[in-house]
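Asks: There's a structure below that I have some questions on.
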Amino acid sequence: MQKITLIKPDDAHLHLRDGTYLQTTVPHAAKQFARAVIMPNLKPPVVTMSQVLAYRERIIAAIPRGLSFQPLMTLYLTDAMTPQIVAEAKASGIVIGVKLYPAGVTTHSEAGVNRLEQVYPALEAMQEQDLPLLIHGESNDAQVDIFDREKYFLEQLQQLIERFPGLRVVLEHITTEEAVRFVTMASTSKLAATITAHHLLLNRNDLLSGGIKPHYYCLPVLKRQRHQLALIAAATSGNPRFFLGTDSAPHAKSTKENACGCAGIYSAHAALEFYAQVFERAGVLDRLQGFASHFAADFYGLSHNSETVTLIKKPWRVPNTLPFGEDVLVPLGAGEMVQWQVV
């Protein structure tokens with residue numbers, strides 16, 4: 001196959017950052033996606049409706065003329081979130097979910113949740129309002145090995161699902177065979193998961209073999225090849241519980257290449273091309289539209305997009321760097337050839 005046309009997809013997990021960085025991140029996202037679920041872990045985090053509205057306006061202002069792009073906004077879950085805030089978020093029509101970060105597990109998660117019990121009132125309200133919970137699914141127990149944080153979190157997730165059976169939950173950017181099995185075998189239809197392009201393309205050998213590659217460092221961290229293969233099988237299976245979420249997370253080159261490099265991989269510049277490569281290698285390019293364009297919309301109760309996007313089989317080289325405010329960032333695939341491109 002040399003050409004494929006898809007209903008324009010949705011990115012169910014995207015970091016745009018803020019300020020001048022939006023001039024890079026928003027155009028990349030808008031070229032490839034009709035809508036995106038925007039993460040709220042700014043500094044300070046997006047915890048009120050006034051912050052949501054202001055952030056949304058800044059994003060919209062950065063959309064290039066001629067492109068249609070809808071930011072689907074989220075709130076950052078803290079111990080201070082009240083049922084009233086949840087009700088206001090639902091009534092707004094622009095907040096699509098609430099993001100749970102266990103405190104300290106990833107970038108800008110310091111304001112996150114230490115004990116799930118502390119946010120039960122908010123979760124009860126979300127269940128009542130049918131406002132989905134989006135989870136960075138890693139244990140923040142300092143005694144848990146970084147490669148096992150997702151696996152250990154699944155026990156907490158099981159307890160949460162049992163306590164709030166009507167709550168829609170997205171387990172974000174899954175990275176392990178155990179998480180694939182957990183989502184596949186769950187007895188509830190209210191649980192789904194997003195899968196990133198970089199966790200489909202890379203494993204921890206790519207990060208560590210022959211020297212540390214700081215631009216492959218992300219959280220959750222890349223895992224063993226067996227986990228990568230499980231993710232590929234899940235993403236390409238046609239199972240609607242798994243859908244596209246890039247977790248594209250930009251950081252300036254200077255903050256990645258230092259003694260304490262930031263976690264995050266930027267893929268928004270070529271996300272669909274990367275996913276197309278994975279599905280083509282698996283021999284199921286015909287299943288890409290479900291994964292990219294249908295399943296997230298169905299889970300969130302959204303209509304399918306009316307626009308389309310076309311990819312052609314034409315190799316191109318990813319730039320070594322991209323502009324990022326007053327700095328530059330190093331994108332996924334920097335300097336490498338990609339076989340598909342959006343036209």
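Ligands are numbered from 1 in the order shown, chains are lettered A, B, ... in the order of the structure tokens, and residues start at 1 in each chain.
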Among stretch 1-194 of chain A, which ones does DSSP place in helix (DSSP H, G or I), written as a count of residues only?
Replies: 78
Asks: Quick one: residues within 6 Å of stretch 196-208 of chain A, only C-alpha atoms counted, chain neighbours fewer than 5 positions away excluded, as a VMD selection string?
Replies: chain A and resid 173 213 216 222 to 225 228 232 245 to 246 275
Asks: Output C-alpha atoms of each residue in that selection to a file, as an mmCIF file, in the first residue's frame.
Replies:
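As a result, result_0.cif now contains:
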```
data_model
loop_
_atom_site.group_PDB
_atom_site.id
_atom_site.type_symbol
_atom_site.label_atom_id
_atom_site.label_comp_id
_atom_site.auth_asym_id
_atom_site.auth_seq_id
_atom_site.Cartn_x
_atom_site.Cartn_y
_atom_site.Cartn_z
ATOM 1 C CA HIS A 173 0.430 5.492 28.041
ATOM 2 C CA LYS A 213 20.189 8.408 25.019
ATOM 3 C CA TYR A 216 14.662 8.487 24.670
ATOM 4 C CA LEU A 222 10.859 2.284 28.239
ATOM 5 C CA LYS A 223 10.614 -1.393 29.187
ATOM 6 C CA ARG A 224 11.887 -4.774 27.934
ATOM 7 C CA GLN A 225 11.260 -5.970 24.393
ATOM 8 C CA GLN A 228 7.072 -3.595 23.573
ATOM 9 C CA ILE A 232 2.290 -3.675 19.469
ATOM 10 C CA GLY A 245 -2.437 8.781 22.758
ATOM 11 C CA THR A 246 0.967 10.162 21.834
ATOM 12 C CA TYR A 275 2.099 4.820 14.018
#
```
Asks: Which is closer to A:Asp298 than all the others in A:Pro9, A:Pro240, A:Pro220, A:Pro44, using only C-alpha atoms?
Replies: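 Of all the options, A:Pro240 lies closest to A:Asp298.
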Asks: Where does stretch 165-273 of chain A meet stretch 318-341 of chain A within 10 Å, residue by residue, with the nearest atom pair and distance in Å to one decimal for each, counting only C-alpha atoms, listed by chain and rising number, as a Markdown table?
Replies:
```
| residue | atom | partner | partner_atom | distance |
| --- | --- | --- | --- | --- |
| A:Ala197 | CA | A:Leu332 | CA | 9.5 |
| A:His198 | CA | A:Leu332 | CA | 7.8 |
| A:Pro214 | CA | A:Val330 | CA | 10.0 |
| A:His215 | CA | A:Val330 | CA | 7.0 |
| A:Tyr216 | CA | A:Leu332 | CA | 7.9 |
| A:Ser248 | CA | A:Leu332 | CA | 9.4 |
| A:Ala249 | CA | A:Pro331 | CA | 9.8 |
| A:Pro250 | CA | A:Leu329 | CA | 7.0 |
| A:His251 | CA | A:Leu329 | CA | 6.2 |
| A:Ala252 | CA | A:Leu329 | CA | 4.7 |
| A:Lys253 | CA | A:Leu329 | CA | 4.7 |
| A:Ser254 | CA | A:Asp327 | CA | 7.8 |
| A:Thr255 | CA | A:Leu329 | CA | 9.2 |
| A:Lys256 | CA | A:Leu329 | CA | 8.7 |
| A:Ile265 | CA | A:Leu332 | CA | 6.5 |
| A:Tyr266 | CA | A:Pro331 | CA | 5.1 |
| A:Ser267 | CA | A:Leu332 | CA | 5.3 |
| A:Ala268 | CA | A:Pro331 | CA | 8.5 |
| A:His269 | CA | A:Pro331 | CA | 7.6 |
| A:Ala270 | CA | A:Gln341 | CA | 7.7 |
| A:Ala271 | CA | A:Leu332 | CA | 9.1 |
| A:Leu272 | CA | A:Gln341 | CA | 8.1 |
| A:Glu273 | CA | A:Trp340 | CA | 5.1 |
```
Asks: Could you save the residues just selected, with N, CA and C atoms, as a short mmCIF file (atom, residue, chain, number, x, y, z; two decimals), in the first residue's frame?
Replies:
```
data_model
loop_
_atom_site.label_atom_id
_atom_site.label_comp_id
_atom_site.auth_asym_id
_atom_site.auth_seq_id
_atom_site.Cartn_x
_atom_site.Cartn_y
_atom_site.Cartn_z
N ALA A 197 3.38 6.24 20.45
CA ALA A 197 4.20 5.78 19.33
C ALA A 197 5.57 5.35 19.82
N HIS A 198 6.14 6.09 20.78
CA HIS A 198 7.52 5.76 21.18
C HIS A 198 7.60 4.46 21.95
N PRO A 214 19.52 10.50 26.13
CA PRO A 214 18.61 11.32 26.94
C PRO A 214 17.29 11.65 26.25
N HIS A 215 17.29 11.66 24.92
CA HIS A 215 16.06 12.01 24.21
C HIS A 215 15.11 10.81 24.08
N TYR A 216 15.54 9.65 24.57
CA TYR A 216 14.66 8.49 24.67
C TYR A 216 14.19 8.27 26.11
N SER A 248 3.07 12.98 23.58
CA SER A 248 4.14 13.83 23.07
C SER A 248 4.42 14.91 24.11
N ALA A 249 5.68 14.97 24.56
CA ALA A 249 6.02 15.82 25.70
C ALA A 249 7.32 16.56 25.41
N PRO A 250 7.24 17.79 24.95
CA PRO A 250 8.45 18.51 24.53
C PRO A 250 9.25 19.07 25.69
N HIS A 251 10.56 19.00 25.54
CA HIS A 251 11.50 19.64 26.46
C HIS A 251 12.62 20.24 25.63
N ALA A 252 13.12 21.38 26.05
CA ALA A 252 14.25 22.00 25.36
C ALA A 252 15.46 21.07 25.40
N LYS A 253 16.26 21.13 24.34
CA LYS A 253 17.46 20.30 24.25
C LYS A 253 18.35 20.48 25.47
N SER A 254 18.46 21.70 25.97
CA SER A 254 19.33 21.97 27.11
C SER A 254 18.83 21.32 28.40
N THR A 255 17.52 21.08 28.50
CA THR A 255 16.99 20.45 29.72
C THR A 255 16.98 18.93 29.62
N LYS A 256 17.21 18.40 28.44
CA LYS A 256 17.33 16.95 28.26
C LYS A 256 18.78 16.50 28.39
N ILE A 265 9.30 12.55 25.54
CA ILE A 265 9.70 12.36 24.14
C ILE A 265 8.73 13.13 23.27
N TYR A 266 9.26 13.91 22.33
CA TYR A 266 8.41 14.72 21.46
C TYR A 266 8.17 13.98 20.14
N SER A 267 6.90 13.66 19.87
CA SER A 267 6.56 12.91 18.66
C SER A 267 5.49 13.59 17.82
N ALA A 268 4.97 14.74 18.26
CA ALA A 268 3.83 15.34 17.58
C ALA A 268 4.13 15.77 16.15
N HIS A 269 5.41 15.99 15.83
CA HIS A 269 5.79 16.42 14.48
C HIS A 269 5.53 15.35 13.43
N ALA A 270 5.47 14.06 13.85
CA ALA A 270 5.33 12.97 12.88
C ALA A 270 4.59 11.78 13.50
N ALA A 271 3.68 12.06 14.40
CA ALA A 271 3.04 10.98 15.15
C ALA A 271 2.34 9.96 14.24
N LEU A 272 1.53 10.43 13.31
CA LEU A 272 0.80 9.49 12.45
C LEU A 272 1.75 8.67 11.60
N GLU A 273 2.82 9.29 11.14
CA GLU A 273 3.80 8.57 10.34
C GLU A 273 4.44 7.44 11.16
#
```
Asks: Distance atom CA of A:Pro27-atom CA of A:Ile63, one decimal place?
Replies: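 Between atom CA of A:Pro27 and atom CA of A:Ile63 the gap works out to 5.9 Å.
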Asks: If you run DSSP over the backbone, which residues in stretch 176-337 of chain A end up strand (DSSP E)? Put them as a ChimeraX atom specification.
Replies: /A:191-195,242-244,308-317,322-324,327-329,337
Asks: Between A:Ala87, A:Val180, A:Cys260, A:Leu67, which has the minimum distance to A:Lys31 (counting only C-alpha atoms)?
Replies: A:Leu67
Asks: Neighbours of A:Asp79 within 10 Å (only C-alpha atoms; same-chain residues fewer than 6 positions away dropped), as a compact mmCIF listing (two decimals) with C-alpha atoms, in the first residue's frame?
Replies:
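As written to disk, part11.txt reads:
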```
# COMPACT_ATOMS: atom_id res chain seq x y z
CA ALA A 111 0.91 18.70 43.22
CA GLY A 112 -0.51 15.25 42.51
CA VAL A 113 -2.21 12.70 44.73
CA ASN A 114 -0.43 10.82 47.53
CA ARG A 115 -3.33 8.65 48.72
CA LEU A 116 -6.31 7.77 46.56
CA GLU A 117 -8.58 7.85 49.60
CA GLN A 118 -8.05 11.60 49.81
CA VAL A 119 -9.75 12.18 46.46
CA TYR A 120 -12.68 9.77 46.88
CA PRO A 121 -15.20 12.64 47.13
CA ALA A 122 -14.01 14.01 43.80
```
Asks: Write out as a PyMOL selection string the residues lying within 8 Å of stretch 149-166 of chain A, counting only C-alpha atoms and excluding same-chain residues fewer than 2 positions away.
Replies: chain A and resi 123-124+127-128+130+137-140+144-147+168+174-176+178-179+182+188+190+220
Asks: Can you write out the residues you just picked, keeping N, CA and C atoms, as a PDB file, in the first residue's frame?
Replies:
```
ATOM      1  N   LEU A 123     -13.798  11.694  43.103  1.00  0.00           N
ATOM      2  CA  LEU A 123     -14.049  10.553  42.214  1.00  0.00           C
ATOM      3  C   LEU A 123     -15.525  10.161  42.236  1.00  0.00           C
ATOM      4  N   GLU A 124     -16.154  10.244  43.399  1.00  0.00           N
ATOM      5  CA  GLU A 124     -17.582   9.958  43.495  1.00  0.00           C
ATOM      6  C   GLU A 124     -18.370  10.946  42.643  1.00  0.00           C
ATOM      7  N   GLN A 127     -17.935  10.121  38.979  1.00  0.00           N
ATOM      8  CA  GLN A 127     -18.785   8.989  38.610  1.00  0.00           C
ATOM      9  C   GLN A 127     -20.215   9.460  38.385  1.00  0.00           C
ATOM     10  N   GLU A 128     -20.705  10.297  39.259  1.00  0.00           N
ATOM     11  CA  GLU A 128     -22.071  10.794  39.137  1.00  0.00           C
ATOM     12  C   GLU A 128     -22.242  11.674  37.893  1.00  0.00           C
ATOM     13  N   ASP A 130     -20.387  11.528  35.204  1.00  0.00           N
ATOM     14  CA  ASP A 130     -19.845  10.818  34.041  1.00  0.00           C
ATOM     15  C   ASP A 130     -18.716  11.613  33.399  1.00  0.00           C
ATOM     16  N   GLY A 137      -0.548   5.816  35.397  1.00  0.00           N
ATOM     17  CA  GLY A 137      -0.626   4.619  36.223  1.00  0.00           C
ATOM     18  C   GLY A 137       0.704   4.095  36.703  1.00  0.00           C
ATOM     19  N   GLU A 138       1.309   4.792  37.657  1.00  0.00           N
ATOM     20  CA  GLU A 138       2.554   4.317  38.252  1.00  0.00           C
ATOM     21  C   GLU A 138       2.510   4.513  39.761  1.00  0.00           C
ATOM     22  N   SER A 139       3.052   3.558  40.472  1.00  0.00           N
ATOM     23  CA  SER A 139       3.187   3.681  41.917  1.00  0.00           C
ATOM     24  C   SER A 139       4.234   4.741  42.244  1.00  0.00           C
ATOM     25  N   ASN A 140       3.938   5.557  43.263  1.00  0.00           N
ATOM     26  CA  ASN A 140       4.942   6.533  43.703  1.00  0.00           C
ATOM     27  C   ASN A 140       5.636   6.097  44.989  1.00  0.00           C
ATOM     28  N   VAL A 144       9.594   0.955  45.235  1.00  0.00           N
ATOM     29  CA  VAL A 144       9.284   0.188  44.026  1.00  0.00           C
ATOM     30  C   VAL A 144      10.264   0.549  42.914  1.00  0.00           C
ATOM     31  N   ASP A 145      10.848  -0.464  42.287  1.00  0.00           N
ATOM     32  CA  ASP A 145      11.773  -0.256  41.178  1.00  0.00           C
ATOM     33  C   ASP A 145      11.081   0.514  40.055  1.00  0.00           C
ATOM     34  N   ILE A 146      11.802   1.427  39.417  1.00  0.00           N
ATOM     35  CA  ILE A 146      11.212   2.274  38.395  1.00  0.00           C
ATOM     36  C   ILE A 146      10.636   1.466  37.232  1.00  0.00           C
ATOM     37  N   PHE A 147      11.211   0.294  36.945  1.00  0.00           N
ATOM     38  CA  PHE A 147      10.688  -0.538  35.866  1.00  0.00           C
ATOM     39  C   PHE A 147       9.443  -1.318  36.274  1.00  0.00           C
ATOM     40  N   ARG A 168     -15.726   6.075  34.335  1.00  0.00           N
ATOM     41  CA  ARG A 168     -14.925   5.774  33.146  1.00  0.00           C
ATOM     42  C   ARG A 168     -13.461   6.122  33.424  1.00  0.00           C
ATOM     43  N   ILE A 174       0.200   3.119  28.532  1.00  0.00           N
ATOM     44  CA  ILE A 174       0.615   1.850  29.142  1.00  0.00           C
ATOM     45  C   ILE A 174       1.924   1.378  28.516  1.00  0.00           C
ATOM     46  N   THR A 175       2.707   0.631  29.323  1.00  0.00           N
ATOM     47  CA  THR A 175       4.056   0.256  28.883  1.00  0.00           C
ATOM     48  C   THR A 175       4.400  -1.202  29.148  1.00  0.00           C
ATOM     49  N   THR A 176       3.493  -1.975  29.716  1.00  0.00           N
ATOM     50  CA  THR A 176       3.850  -3.329  30.142  1.00  0.00           C
ATOM     51  C   THR A 176       2.866  -4.376  29.643  1.00  0.00           C
ATOM     52  N   GLU A 178       1.759  -6.623  31.548  1.00  0.00           N
ATOM     53  CA  GLU A 178       0.766  -6.756  32.625  1.00  0.00           C
ATOM     54  C   GLU A 178      -0.383  -5.768  32.443  1.00  0.00           C
ATOM     55  N   ALA A 179      -0.080  -4.548  32.030  1.00  0.00           N
ATOM     56  CA  ALA A 179      -1.135  -3.563  31.814  1.00  0.00           C
ATOM     57  C   ALA A 179      -2.011  -3.944  30.627  1.00  0.00           C
ATOM     58  N   PHE A 182      -4.278  -6.580  31.905  1.00  0.00           N
ATOM     59  CA  PHE A 182      -5.256  -6.020  32.842  1.00  0.00           C
ATOM     60  C   PHE A 182      -6.411  -5.365  32.085  1.00  0.00           C
ATOM     61  N   THR A 188     -15.109  -4.682  33.156  1.00  0.00           N
ATOM     62  CA  THR A 188     -15.864  -3.468  32.875  1.00  0.00           C
ATOM     63  C   THR A 188     -15.536  -2.911  31.503  1.00  0.00           C
ATOM     64  N   LYS A 190     -15.846   0.169  30.982  1.00  0.00           N
ATOM     65  CA  LYS A 190     -15.531   1.565  31.285  1.00  0.00           C
ATOM     66  C   LYS A 190     -14.032   1.805  31.455  1.00  0.00           C
ATOM     67  N   PRO A 220       6.125   6.881  31.834  1.00  0.00           N
ATOM     68  CA  PRO A 220       6.820   5.681  32.282  1.00  0.00           C
ATOM     69  C   PRO A 220       8.000   5.342  31.362  1.00  0.00           C
TER      70      PRO A 220
END
```
Asks: So which one's closest to A:Arg17, A:Gly264, A:Pro102, A:Gly290, A:Gly301? Using only C-alpha atoms, please.
Replies: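 Using only C-alpha atoms, A:Arg17 sits closest to A:Gly264.
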Asks: Using only C-alpha atoms, which of the listed residues (A:Phe291, A:Ala103, A:Gln84, A:Val342) sits closest to A:Ile195?
Replies: A:Phe291
Asks: Could you give me, as a list in words, the residues within 8 Å of A:Leu6, counting only C-alpha atoms and dropping anything in the same chain fewer than 3 positions from it?
Replies: Pro9, Gln289, Ser293, Thr308, Val309 and Thr310 of chain A
Asks: A:Arg58: which residues within 8 Å, counting only C-alpha atoms, same-chain residues fewer than 3 positions away excluded, as a PyMOL selection string?
Replies: chain A and resi 18-19+54-55+61-62
Asks: Record the distance separating atom CA of A:Met49 and atom CA of A:Arg65, expressed in Å with one decimal.
Replies: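 Separation between atom CA of A:Met49 and atom CA of A:Arg65: 26.8 Å.
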Asks: Please compute the atom CA of A:Ala34-atom CA of A:Phe299 distance, one decimal, in Å.
Replies: 16.2 Å
